[in-house]
file query_31.cif (mmCIF, C-alpha atoms)
data_final
loop_
_atom_site.label_atom_id
_atom_site.label_comp_id
_atom_site.auth_asym_id
_atom_site.auth_seq_id
_atom_site.Cartn_x
_atom_site.Cartn_y
_atom_site.Cartn_z
CA MET V 16 -0.04 31.29 3.93
CA MET V 17 0.36 30.44 7.63
CA LYS V 18 2.50 33.52 8.30
CA SER V 19 -0.13 35.72 6.69
CA ILE V 20 -2.95 34.21 8.75
CA ARG V 21 -0.91 34.65 11.94
CA TYR V 22 -0.93 38.42 11.43
CA CYS V 23 -4.59 38.80 10.46
CA SER V 24 -6.15 41.72 12.34
CA HIS V 25 -9.73 40.48 12.11
CA ILE V 26 -11.25 36.98 11.96
CA LEU V 27 -13.24 37.84 8.82
CA SER V 28 -10.11 38.93 7.00
CA CYS V 29 -8.46 35.66 8.06
CA PHE V 30 -11.27 33.64 6.52
CA ALA V 31 -11.12 35.76 3.38
CA LEU V 32 -7.37 35.19 3.10
CA PHE V 33 -7.76 31.47 3.69
CA TYR V 34 -10.36 31.00 0.97
CA ALA V 35 -8.51 33.27 -1.43
CA THR V 36 -5.35 31.22 -0.94
CA ALA V 37 -7.33 27.98 -1.39
CA ALA V 38 -8.85 29.38 -4.59
CA ILE V 39 -5.39 30.26 -5.92
CA ALA V 40 -4.19 26.73 -5.14
CA ASP V 41 -7.24 25.24 -6.88
CA ASN V 42 -6.71 27.45 -9.94
CA ALA V 43 -3.06 26.41 -10.12
CA ALA V 44 -4.08 22.74 -9.89
CA LEU V 45 -6.73 23.29 -12.56
CA GLU V 46 -4.23 24.94 -14.91
CA ARG V 47 -1.73 22.14 -14.32
CA CYS V 48 -4.38 19.52 -15.03
CA LEU V 49 -5.52 21.29 -18.21
CA ARG V 50 -1.96 21.67 -19.45
CA ASP V 51 -1.26 18.00 -18.79
CA ARG V 52 -4.49 16.82 -20.45
CA LEU V 53 -3.83 18.97 -23.52
CA GLU V 54 -0.50 17.20 -23.95
CA GLN V 55 -2.01 13.75 -23.54
CA THR V 56 -5.33 13.89 -25.43
CA SER V 57 -6.11 14.17 -29.12
CA ALA V 58 -6.26 17.58 -30.80
CA ASN V 59 -10.00 17.32 -31.52
CA THR V 60 -11.00 16.84 -27.86
CA PRO V 61 -13.41 19.68 -26.87
CA VAL V 62 -11.98 22.18 -24.38
CA SER V 63 -15.24 22.00 -22.40
CA GLU V 64 -14.66 18.27 -21.88
CA LEU V 65 -11.13 18.89 -20.60
CA ARG V 66 -12.31 21.62 -18.21
CA ALA V 67 -15.12 19.43 -16.85
CA TYR V 68 -12.68 16.57 -16.31
CA CYS V 69 -10.16 18.77 -14.49
CA LYS V 70 -12.74 20.63 -12.37
CA GLU V 71 -14.01 17.31 -11.04
CA ARG V 72 -10.46 16.18 -10.24
CA VAL V 73 -9.62 19.45 -8.44
CA THR V 74 -12.77 19.14 -6.31
CA GLU V 75 -11.87 15.58 -5.35
CA LYS V 76 -8.30 16.68 -4.58
CA ARG V 77 -9.51 18.27 -1.33
CA SER V 78 -9.87 14.84 0.31
CA VAL V 79 -6.91 12.65 1.31
CA VAL V 80 -7.78 9.86 -1.13
CA GLY V 81 -8.77 12.37 -3.82
CA GLY V 82 -5.43 14.15 -3.40
CA ARG V 83 -3.52 11.00 -4.21
CA LEU V 84 -5.82 10.12 -7.11
CA PHE V 85 -5.42 13.64 -8.49
CA ASP V 86 -1.63 13.44 -8.43
CA GLU V 87 -1.78 10.07 -10.20
CA TRP V 88 -4.24 11.33 -12.81
CA LEU V 89 -1.82 14.10 -13.77
CA ILE V 90 0.82 11.58 -14.81
CA GLU V 91 -1.33 8.64 -15.91
CA ASN V 92 -0.15 8.82 -19.54
CA ASN V 93 3.46 9.82 -18.91
CA PRO V 94 5.61 6.95 -20.31
CA PHE V 95 8.52 7.84 -18.01
CA VAL V 96 6.61 7.53 -14.71
CA ILE V 97 5.89 4.47 -12.57
CA THR V 98 3.93 5.37 -9.46
CA ALA V 99 4.04 3.99 -5.93
CA HIS V 100 1.54 1.28 -5.04
CA LYS V 101 2.00 0.40 -1.36
CA PRO V 102 4.47 2.36 0.82
CA ASN V 103 8.14 2.17 -0.14
CA TYR V 104 10.44 2.08 2.88
CA VAL V 105 13.75 0.91 4.31
CA LEU V 106 14.05 -0.17 7.96
CA PRO V 107 17.80 -0.59 8.62
CA LEU V 108 17.11 -1.60 12.22
CA THR V 109 14.40 -4.11 13.06
CA TYR V 110 14.36 -6.40 16.09
CA ASN V 111 12.38 -9.66 16.08
CA THR V 112 12.04 -11.18 19.54
CA ARG V 113 11.42 -14.70 18.17
CA PRO V 114 13.10 -15.50 14.83
CA ASN V 115 11.68 -18.58 13.12
CA GLN V 116 14.65 -20.95 12.91
CA ALA V 117 12.69 -23.99 11.61
CA PRO V 118 13.00 -23.36 7.81
CA TYR V 119 16.79 -23.01 8.14
CA ALA V 120 17.47 -25.98 10.44
CA ASP V 121 19.70 -27.67 7.83
CA LEU V 122 22.02 -24.65 7.58
CA GLN V 123 24.93 -23.85 9.86
CA GLY V 124 24.50 -20.83 12.09
CA ASP V 125 21.54 -19.16 13.78
CA LEU V 126 19.35 -16.28 12.73
CA GLN V 127 19.91 -12.99 14.51
CA HIS V 128 17.15 -10.98 16.12
CA LEU V 129 18.40 -7.88 14.32
CA GLU V 130 17.88 -7.56 10.55
CA VAL V 131 17.01 -5.13 7.74
CA LYS V 132 13.50 -5.02 6.29
CA PHE V 133 12.53 -3.08 3.18
CA GLN V 134 9.69 -2.84 0.70
CA LEU V 135 9.57 -1.73 -2.94
CA SER V 136 6.07 -1.36 -4.40
CA LEU V 137 5.24 0.09 -7.84
CA LYS V 138 2.27 0.18 -10.18
CA LEU V 139 1.65 1.04 -13.82
CA GLN V 140 -1.66 2.09 -15.33
CA MET V 141 -2.32 -0.10 -18.37
CA ALA V 142 -5.72 1.14 -19.57
CA SER V 143 -8.82 3.11 -18.65
CA GLY V 144 -12.52 2.50 -19.26
CA VAL V 145 -12.17 -1.31 -19.19
CA LEU V 146 -15.27 -1.70 -16.99
CA GLY V 147 -17.00 1.59 -17.68
CA PRO V 148 -15.92 5.25 -17.83
CA ASN V 149 -14.81 5.36 -14.17
CA SER V 150 -12.52 2.33 -14.22
CA LEU V 151 -8.74 2.00 -14.44
CA LEU V 152 -6.63 -1.11 -15.09
CA PHE V 153 -3.27 -1.46 -13.30
CA PHE V 154 -0.36 -3.86 -13.01
CA ALA V 155 1.57 -3.73 -9.74
CA TYR V 156 4.59 -5.40 -8.21
CA THR V 157 5.60 -5.43 -4.54
CA ASN V 158 8.88 -6.77 -3.22
CA GLN V 159 9.33 -7.21 0.53
CA SER V 160 12.72 -8.41 1.79
CA TYR V 161 14.26 -9.49 5.08
CA TRP V 162 18.06 -9.22 5.18
CA GLN V 163 20.29 -10.65 7.89
CA ALA V 164 22.78 -7.90 7.08
CA TYR V 165 24.54 -7.98 10.47
CA ASN V 166 24.83 -11.78 10.68
CA LYS V 167 28.41 -12.40 9.54
CA GLU V 168 28.39 -15.93 10.96
CA PHE V 169 25.48 -16.75 8.63
CA SER V 170 27.10 -14.97 5.62
CA SER V 171 24.62 -12.06 5.82
CA PRO V 172 21.94 -13.68 3.60
CA PHE V 173 18.67 -12.31 2.36
CA ARG V 174 16.65 -14.57 4.64
CA GLU V 175 13.36 -14.09 2.80
CA THR V 176 12.07 -12.12 -0.19
CA ASN V 177 8.40 -12.09 -1.13
CA HIS V 178 7.40 -11.23 -4.70
CA GLU V 179 3.83 -10.04 -5.23
CA PRO V 180 2.72 -9.25 -8.80
CA GLU V 181 -0.94 -8.43 -9.31
CA ILE V 182 -3.32 -7.08 -11.89
CA PHE V 183 -6.30 -5.08 -10.68
CA VAL V 184 -9.14 -2.82 -11.76
CA ILE V 185 -10.10 0.30 -9.80
CA LEU V 186 -13.76 1.32 -9.93
CA LEU V 187 -14.23 4.93 -8.78
CA GLN V 188 -17.22 5.37 -6.49
CA LYS V 189 -19.29 8.19 -4.96
CA TRP V 190 -21.70 6.52 -2.52
CA SER V 191 -21.80 6.70 1.27
CA LEU V 192 -22.47 4.23 4.07
CA PHE V 193 -22.95 5.24 7.72
CA GLY V 194 -21.31 8.59 7.05
CA LEU V 195 -18.33 7.04 5.24
CA GLN V 196 -17.78 7.88 1.58
CA ASN V 197 -16.76 4.98 -0.63
CA ARG V 198 -14.04 6.41 -2.91
CA LEU V 199 -13.14 3.28 -4.85
CA ILE V 200 -13.40 -0.49 -5.13
CA ALA V 201 -10.44 -2.52 -6.40
CA LEU V 202 -10.78 -6.02 -7.89
CA SER V 203 -7.52 -7.96 -8.13
CA LEU V 204 -5.89 -11.20 -9.23
CA ASN V 205 -2.89 -11.58 -6.91
CA HIS V 206 0.09 -13.95 -6.78
CA GLN V 207 2.60 -14.06 -3.94
CA SER V 208 5.72 -16.21 -3.81
CA ASN V 209 9.13 -16.31 -2.17
CA GLY V 210 10.83 -17.82 -5.23
CA ARG V 211 12.51 -20.58 -3.18
CA PRO V 212 12.82 -24.27 -4.15
CA GLY V 213 12.17 -27.38 -2.10
CA SER V 214 11.09 -27.20 1.52
CA GLN V 215 11.49 -23.41 1.67
CA SER V 216 9.10 -22.78 -1.24
CA ARG V 217 6.00 -20.73 -0.36
CA SER V 218 3.34 -19.34 -2.72
CA TRP V 219 -0.38 -18.75 -3.10
CA ASN V 220 -2.85 -17.15 -5.49
CA ARG V 221 -5.82 -15.00 -4.48
CA ILE V 222 -8.62 -12.93 -5.87
CA TYR V 223 -9.71 -10.04 -3.68
CA ALA V 224 -11.91 -6.97 -3.52
CA ASN V 225 -10.73 -3.88 -1.69
CA PHE V 226 -13.35 -1.39 -0.48
CA ILE V 227 -11.86 2.04 0.29
CA PHE V 228 -13.90 4.39 2.48
CA GLU V 229 -13.01 7.88 3.67
CA LYS V 230 -14.16 10.28 6.36
CA HIS V 231 -12.32 13.57 6.84
CA ASN V 232 -8.61 12.65 7.13
CA THR V 233 -9.16 8.96 7.88
CA VAL V 234 -9.28 6.15 5.33
CA PHE V 235 -10.69 2.68 5.95
CA SER V 236 -9.86 -0.34 3.80
CA PHE V 237 -11.69 -3.66 3.98
CA ARG V 238 -10.05 -6.31 1.78
CA PRO V 239 -11.65 -9.77 1.75
CA TRP V 240 -9.98 -12.44 -0.39
CA TYR V 241 -10.49 -15.95 -1.70
CA ARG V 242 -7.53 -18.27 -2.08
CA LEU V 243 -7.47 -20.17 -5.36
CA PRO V 244 -7.15 -23.86 -4.37
CA GLU V 245 -4.15 -26.01 -5.30
CA GLU V 246 -3.69 -29.76 -5.45
CA LYS V 247 -1.95 -31.51 -2.57
CA LYS V 248 1.67 -32.51 -3.12
CA SER V 249 2.11 -36.12 -4.17
CA THR V 250 5.49 -36.12 -2.38
CA PRO V 251 7.22 -33.57 -0.09
CA THR V 252 9.43 -32.51 -3.03
CA ASP V 253 6.59 -32.25 -5.59
CA PRO V 254 7.06 -28.75 -7.13
CA SER V 255 3.51 -28.56 -8.49
CA GLY V 256 1.58 -29.08 -5.23
CA ASP V 257 0.48 -26.74 -2.45
CA ASP V 258 3.54 -25.22 -0.74
CA ASN V 259 1.66 -23.97 2.30
CA PRO V 260 -1.52 -25.94 3.00
CA GLY V 261 -3.77 -24.33 5.56
CA ILE V 262 -2.33 -20.85 5.11
CA GLU V 263 -5.87 -19.48 5.56
CA ASN V 264 -5.82 -20.83 9.12
CA TYR V 265 -3.11 -18.23 9.87
CA MET V 266 -3.78 -15.44 7.36
CA GLY V 267 -7.55 -15.59 7.47
CA HIS V 268 -9.72 -14.49 4.57
CA GLY V 269 -9.13 -10.76 4.58
CA GLU V 270 -7.70 -7.77 6.39
CA PHE V 271 -8.79 -4.40 7.71
CA ARG V 272 -6.63 -1.30 7.47
CA MET V 273 -7.11 2.22 8.83
CA ILE V 274 -4.94 5.19 7.82
CA HIS V 275 -5.16 8.58 9.50
CA LYS V 276 -3.38 11.64 8.16
CA ARG V 277 -2.68 14.51 10.56
CA GLY V 278 -0.64 17.26 8.96
CA GLN V 279 2.55 15.64 7.69
CA HIS V 280 2.18 12.67 10.03
CA THR V 281 0.50 9.44 8.90
CA TYR V 282 -0.69 6.71 11.29
CA SER V 283 -1.74 3.26 10.08
CA LEU V 284 -3.30 0.16 11.62
CA MET V 285 -3.67 -3.27 9.99
CA LEU V 286 -5.68 -6.13 11.51
CA ARG V 287 -6.09 -9.75 10.40
CA ASN V 288 -7.81 -12.67 12.10
CA ASN V 289 -8.71 -16.20 11.06
CA LEU V 290 -12.03 -16.03 12.99
CA ARG V 291 -11.58 -19.61 14.21
CA THR V 292 -11.73 -21.29 17.60
CA GLU V 293 -7.95 -21.76 17.40
CA ASN V 294 -7.56 -18.03 17.05
CA ARG V 295 -4.65 -16.56 15.10
CA GLY V 296 -4.18 -13.13 13.66
CA ALA V 297 -1.86 -10.18 13.20
CA VAL V 298 -1.61 -6.48 13.95
CA GLU V 299 0.69 -3.94 12.27
CA LEU V 300 1.13 -0.35 13.45
CA GLY V 301 2.90 2.33 11.42
CA TRP V 302 3.85 5.97 11.97
CA SER V 303 5.55 8.19 9.41
CA PHE V 304 6.74 11.72 10.17
CA PRO V 305 8.73 14.39 8.31
CA VAL V 306 12.52 14.41 8.57
CA GLY V 307 13.24 16.71 5.65
CA GLU V 308 11.78 18.09 2.43
CA ARG V 309 11.61 14.73 0.65
CA LEU V 310 11.86 11.84 3.12
CA LYS V 311 9.89 10.70 6.13
CA GLY V 312 10.94 8.83 9.20
CA TYR V 313 9.06 5.56 9.66
CA VAL V 314 8.37 3.37 12.69
CA GLN V 315 6.67 -0.01 12.25
CA TYR V 316 5.51 -2.66 14.72
CA PHE V 317 4.22 -6.12 13.73
CA ASN V 318 2.89 -8.88 15.94
CA GLY V 319 1.30 -12.13 14.83
CA TYR V 320 1.27 -14.50 11.86
CA GLY V 321 1.93 -13.94 8.18
CA GLU V 322 4.43 -11.08 8.17
CA SER V 323 6.24 -13.02 5.43
CA LEU V 324 5.43 -16.24 3.57
CA ILE V 325 8.23 -18.24 5.18
CA ASP V 326 6.79 -17.26 8.58
CA TYR V 327 3.10 -17.67 7.72
CA ASP V 328 2.66 -20.33 10.44
CA ALA V 329 5.12 -18.88 12.99
CA PRO V 330 4.38 -15.87 15.26
CA VAL V 331 6.56 -12.78 14.77
CA ASN V 332 7.06 -9.86 17.14
CA ARG V 333 9.05 -7.11 15.39
CA MET V 334 9.81 -3.42 15.90
CA GLY V 335 11.61 -1.45 13.21
CA VAL V 336 12.75 2.13 12.48
CA GLY V 337 13.90 3.69 9.24
CA ILE V 338 12.91 5.87 6.29
CA ALA V 339 9.75 5.97 4.17
CA LEU V 340 10.27 6.98 0.53
CA THR V 341 6.53 7.05 -0.23
CA ASP V 342 3.51 6.78 2.07
CA TRP V 343 -0.05 5.46 1.83
CA LEU V 344 -1.41 8.97 1.27
#

call {"tool": "encode", "arguments": {"input": "query_31.cif", "output": "structure tokens"}}
result
Amino acid sequence: MMKSIRYCSHILSCFALFYATAAIADNAALERCLRDRLEQTSANTPVSELRAYCKERVTEKRSVVGGRLFDEWLIENNPFVITAHKPNYVLPLTYNTRPNQAPYADLQGDLQHLEVKFQLSLKLQMASGVLGPNSLLFFAYTNQSYWQAYNKEFSSPFRETNHEPEIFVILLQKWSLFGLQNRLIALSLNHQSNGRPGSQSRSWNRIYANFIFEKHNTVFSFRPWYRLPEEKKSTPTDPSGDDNPGIENYMGHGEFRMIHKRGQHTYSLMLRNNLRTENRGAVELGWSFPVGERLKGYVQYFNGYGESLIDYDAPVNRMGVGIALTDWL
């Protein structure tokens, strides 16, 4: 398409070529959607209903959020597909200027500044129509790990792994606020734990709502949460009590995220703040860029509290580079 536009002799013919190419792409997407729906729905479903469903999805596909939703809709009933939830990435080289040694004080050896960080995040659609015709029910699991791979003195341990299963409902939306279109609202029951015993155990449970807004190629996410309270530990070794009291003083009660897509480059910003006099917060910056047909390069910077559960009350300052397998959009 781009080569053809480059050689257009007249601006009107360029516009005509552009819209013709877009129409061909839309028709191909429509045919793909219809073919997929025919395979997944009952034989007595009216063709008009299938066409209406697919036409709406193709129209929404033209936005960055709609494009991702469209791709997921095509495979929603495929039993051999598990889709990405959050970004999946591997950062073989990350440098933390101030490793938190406190949780490992009883072990021989020191943490290195250099370590590997990676994230695996998947989701599975479980049902549709649970809260009305425009609702989808999902189960998701996110694993984020920190690996002291280059620390031979310390036996190269996985320093911290956070497990985050959640169940959530997506409510598709079509209303606007201050020029921003609300594409969806997610309601979730979320658990996060590092699976460690004793003094290194960290976990908490939350319910949250995630409001996703979009304008052009920029997406805004506002995710407030409420931590489900736990009883205080009767003793320091009590396994049933609160492993991290006061975590809200560091993690706050929500986070804001902005994602901007420019061509094949994606830029992201995450902000958290406890909104207290003793101010604590966090910022995360991300940039993904193409390095081939399938993969993307990925650069990530994090500064503040709560990068991982073991470090929820210790400040982290980390820069990392690596590969993104899947992106936000």

call {"tool": "closest_residue", "arguments": {"input": "query_31.cif", "among": "V:Gly337, V:Gly269, V:Pro212, V:Gly261", "to": "Asn225 in chain V", "atoms": "all atoms listed in the file"}}
result
V:Gly269

call {"tool": "closest_residue", "arguments": {"input": "query_31.cif", "among": "V:Leu129, V:Leu243, V:Ile222, V:Val184", "to": "Leu152 in chain V", "atoms": "all atoms listed in the file"}}
result
V:Val184

call {"tool": "resolve_selection", "arguments": {"input": "query_31.cif", "expression": "the PyMOL selection byres ((chain V and resi 223) around 12)", "output": "PyMOL selection string"}}
result
chain V and resi 181-184+200-206+220-222+224-226+237-243+268-270

call {"tool": "axis_aligned_box", "arguments": {"input": "query_31.cif", "around": "range 107-115 of chain V", "padding_each_side": "5 Å", "output": "JSON"}}
result
{"center_x": 14.6, "center_y": -9.6, "center_z": 14.1, "size_x": 16.4, "size_y": 28.0, "size_z": 20.9}

call {"tool": "closest_residue", "arguments": {"input": "query_31.cif", "among": "V:Gly213, V:Gly321, V:Pro94, V:Pro102", "to": "Trp302 in chain V", "atoms": "all atoms listed in the file"}}
result
V:Pro102

call {"tool": "resolve_selection", "arguments": {"input": "query_31.cif", "expression": "the PyMOL selection byres ((chain V and resi 313) around 9)", "output": "ChimeraX atom specification"}}
result
/V:104-106,301-305,311-312,314-315,335-339

call {"tool": "residues_around", "arguments": {"input": "query_31.cif", "residues": "Arg272 in chain V", "least_positions_apart": "3", "cutoff": "6 Å", "atoms": "only C-alpha atoms", "output": "PyMOL selection string"}}
result
chain V and resi 235-236+284-285

call {"tool": "residues_around", "arguments": {"input": "query_31.cif", "residues": "Ser170 in chain V", "least_positions_apart": "4", "cutoff": "12 Å", "atoms": "all atoms listed in the file", "output": "list in words"}}
result
Leu122, Gln123, Gly124, Asp125, Leu126, Gln127, Trp162, Gln163, Ala164, Tyr165, Asn166 and Arg174 of chain V

call {"tool": "write_last_selection", "arguments": {"input": "query_31.cif", "atoms": "C-alpha atoms", "output": "CSV table (one decimal), keeping the file's coordinate frame"}}
result
chain,number,residue,atom,x,y,z
V,122,LEU,CA,22.0,-24.6,7.6
V,123,GLN,CA,24.9,-23.8,9.9
V,124,GLY,CA,24.5,-20.8,12.1
V,125,ASP,CA,21.5,-19.2,13.8
V,126,LEU,CA,19.4,-16.3,12.7
V,127,GLN,CA,19.9,-13.0,14.5
V,162,TRP,CA,18.1,-9.2,5.2
V,163,GLN,CA,20.3,-10.6,7.9
V,164,ALA,CA,22.8,-7.9,7.1
V,165,TYR,CA,24.5,-8.0,10.5
V,166,ASN,CA,24.8,-11.8,10.7
V,174,ARG,CA,16.6,-14.6,4.6

call {"tool": "closest_residue", "arguments": {"input": "query_31.cif", "among": "V:Pro61, V:Tyr161, V:Leu340, V:Ser171", "to": "Pro114 in chain V", "atoms": "all atoms listed in the file"}}
result
V:Tyr161

call {"tool": "atom_distance", "arguments": {"input": "query_31.cif", "atom1": "CA of Tyr68 in chain V", "atom2": "CA of Phe153 in chain V"}}
result
20.6 Å

call {"tool": "residues_near_point", "arguments": {"input": "query_31.cif", "point": "(4.1, 3.1, -5.8)", "cutoff": "10 Å", "atoms": "all atoms listed in the file", "output": "list of chain:residue names"}}
result
V:Ile97, V:Thr98, V:Ala99, V:His100, V:Lys101, V:Pro102, V:Asn103, V:Leu135, V:Ser136, V:Leu137, V:Lys138, V:Leu139, V:Ala155, V:Tyr156, V:Thr157, V:Leu340, V:Thr341, V:Asp342, V:Trp343

call {"tool": "residues_around", "arguments": {"input": "query_31.cif", "residues": "Arg217 in chain V", "least_positions_apart": "5", "cutoff": "7 Å", "atoms": "only C-alpha atoms", "output": "number ranges by chain"}}
result
V: 208-209, 258-259, 324-325

call {"tool": "resolve_selection", "arguments": {"input": "query_31.cif", "expression": "the PyMOL selection byres ((chain V and resi 323) around 12)", "output": "ChimeraX atom specification"}}
result
/V:114-115,132-134,158-161,174-179,207-209,217-218,262,265-266,297,317-322,324-331,333

call {"tool": "atom_distance", "arguments": {"input": "query_31.cif", "atom1": "CA of Ser283 in chain V", "atom2": "CA of Asn232 in chain V"}}
result
12.0 Å

call {"tool": "build_atoms", "arguments": {"input": "query_31.cif", "residues": "range 168-189 of chain V", "atoms": "N, CA and C atoms", "output": "PDB file, in the frame of the given file"}}
result
ATOM      1  N   GLU V 168      28.241 -14.489  10.774  1.00  0.00           N
ATOM      2  CA  GLU V 168      28.390 -15.930  10.960  1.00  0.00           C
ATOM      3  C   GLU V 168      27.549 -16.703   9.941  1.00  0.00           C
ATOM      4  N   PHE V 169      26.429 -16.120   9.538  1.00  0.00           N
ATOM      5  CA  PHE V 169      25.480 -16.750   8.630  1.00  0.00           C
ATOM      6  C   PHE V 169      25.657 -16.252   7.193  1.00  0.00           C
ATOM      7  N   SER V 170      26.755 -15.516   6.924  1.00  0.00           N
ATOM      8  CA  SER V 170      27.100 -14.970   5.620  1.00  0.00           C
ATOM      9  C   SER V 170      26.123 -13.892   5.150  1.00  0.00           C
ATOM     10  N   SER V 171      25.498 -13.208   6.094  1.00  0.00           N
ATOM     11  CA  SER V 171      24.620 -12.060   5.820  1.00  0.00           C
ATOM     12  C   SER V 171      23.635 -12.314   4.670  1.00  0.00           C
ATOM     13  N   PRO V 172      22.825 -13.365   4.739  1.00  0.00           N
ATOM     14  CA  PRO V 172      21.940 -13.680   3.600  1.00  0.00           C
ATOM     15  C   PRO V 172      20.664 -12.836   3.600  1.00  0.00           C
ATOM     16  N   PHE V 173      20.044 -12.765   2.428  1.00  0.00           N
ATOM     17  CA  PHE V 173      18.670 -12.310   2.360  1.00  0.00           C
ATOM     18  C   PHE V 173      17.814 -13.497   2.822  1.00  0.00           C
ATOM     19  N   ARG V 174      17.351 -13.435   4.042  1.00  0.00           N
ATOM     20  CA  ARG V 174      16.650 -14.570   4.640  1.00  0.00           C
ATOM     21  C   ARG V 174      15.364 -14.898   3.899  1.00  0.00           C
ATOM     22  N   GLU V 175      14.631 -13.878   3.459  1.00  0.00           N
ATOM     23  CA  GLU V 175      13.360 -14.090   2.800  1.00  0.00           C
ATOM     24  C   GLU V 175      13.037 -12.898   1.918  1.00  0.00           C
ATOM     25  N   THR V 176      12.558 -13.163   0.712  1.00  0.00           N
ATOM     26  CA  THR V 176      12.070 -12.120  -0.190  1.00  0.00           C
ATOM     27  C   THR V 176      10.742 -12.579  -0.767  1.00  0.00           C
ATOM     28  N   ASN V 177       9.726 -11.778  -0.603  1.00  0.00           N
ATOM     29  CA  ASN V 177       8.400 -12.090  -1.130  1.00  0.00           C
ATOM     30  C   ASN V 177       8.121 -11.238  -2.356  1.00  0.00           C
ATOM     31  N   HIS V 178       7.729 -11.901  -3.445  1.00  0.00           N
ATOM     32  CA  HIS V 178       7.400 -11.230  -4.700  1.00  0.00           C
ATOM     33  C   HIS V 178       5.884 -11.268  -4.867  1.00  0.00           C
ATOM     34  N   GLU V 179       5.288 -10.116  -5.153  1.00  0.00           N
ATOM     35  CA  GLU V 179       3.830 -10.040  -5.230  1.00  0.00           C
ATOM     36  C   GLU V 179       3.380  -9.250  -6.466  1.00  0.00           C
ATOM     37  N   PRO V 180       3.319  -9.903  -7.631  1.00  0.00           N
ATOM     38  CA  PRO V 180       2.720  -9.250  -8.800  1.00  0.00           C
ATOM     39  C   PRO V 180       1.206  -9.373  -8.743  1.00  0.00           C
ATOM     40  N   GLU V 181       0.516  -8.379  -9.265  1.00  0.00           N
ATOM     41  CA  GLU V 181      -0.940  -8.430  -9.310  1.00  0.00           C
ATOM     42  C   GLU V 181      -1.458  -7.549 -10.432  1.00  0.00           C
ATOM     43  N   ILE V 182      -2.631  -7.899 -10.916  1.00  0.00           N
ATOM     44  CA  ILE V 182      -3.320  -7.080 -11.890  1.00  0.00           C
ATOM     45  C   ILE V 182      -4.679  -6.747 -11.290  1.00  0.00           C
ATOM     46  N   PHE V 183      -5.062  -5.468 -11.342  1.00  0.00           N
ATOM     47  CA  PHE V 183      -6.300  -5.080 -10.680  1.00  0.00           C
ATOM     48  C   PHE V 183      -6.992  -3.940 -11.422  1.00  0.00           C
ATOM     49  N   VAL V 184      -8.296  -3.873 -11.198  1.00  0.00           N
ATOM     50  CA  VAL V 184      -9.140  -2.820 -11.760  1.00  0.00           C
ATOM     51  C   VAL V 184      -9.652  -1.959 -10.626  1.00  0.00           C
ATOM     52  N   ILE V 185      -9.528  -0.642 -10.760  1.00  0.00           N
ATOM     53  CA  ILE V 185     -10.100   0.300  -9.800  1.00  0.00           C
ATOM     54  C   ILE V 185     -11.400   0.848 -10.369  1.00  0.00           C
ATOM     55  N   LEU V 186     -12.457   0.767  -9.569  1.00  0.00           N
ATOM     56  CA  LEU V 186     -13.760   1.320  -9.930  1.00  0.00           C
ATOM     57  C   LEU V 186     -14.018   2.520  -9.018  1.00  0.00           C
ATOM     58  N   LEU V 187     -14.029   3.713  -9.565  1.00  0.00           N
ATOM     59  CA  LEU V 187     -14.230   4.930  -8.780  1.00  0.00           C
ATOM     60  C   LEU V 187     -15.686   5.028  -8.340  1.00  0.00           C
ATOM     61  N   GLN V 188     -15.889   5.389  -7.073  1.00  0.00           N
ATOM     62  CA  GLN V 188     -17.220   5.370  -6.490  1.00  0.00           C
ATOM     63  C   GLN V 188     -17.553   6.732  -5.850  1.00  0.00           C
ATOM     64  N   LYS V 189     -18.865   6.955  -5.622  1.00  0.00           N
ATOM     65  CA  LYS V 189     -19.290   8.190  -4.960  1.00  0.00           C
ATOM     66  C   LYS V 189     -20.488   7.953  -4.045  1.00  0.00           C
TER      67      LYS V 189
END
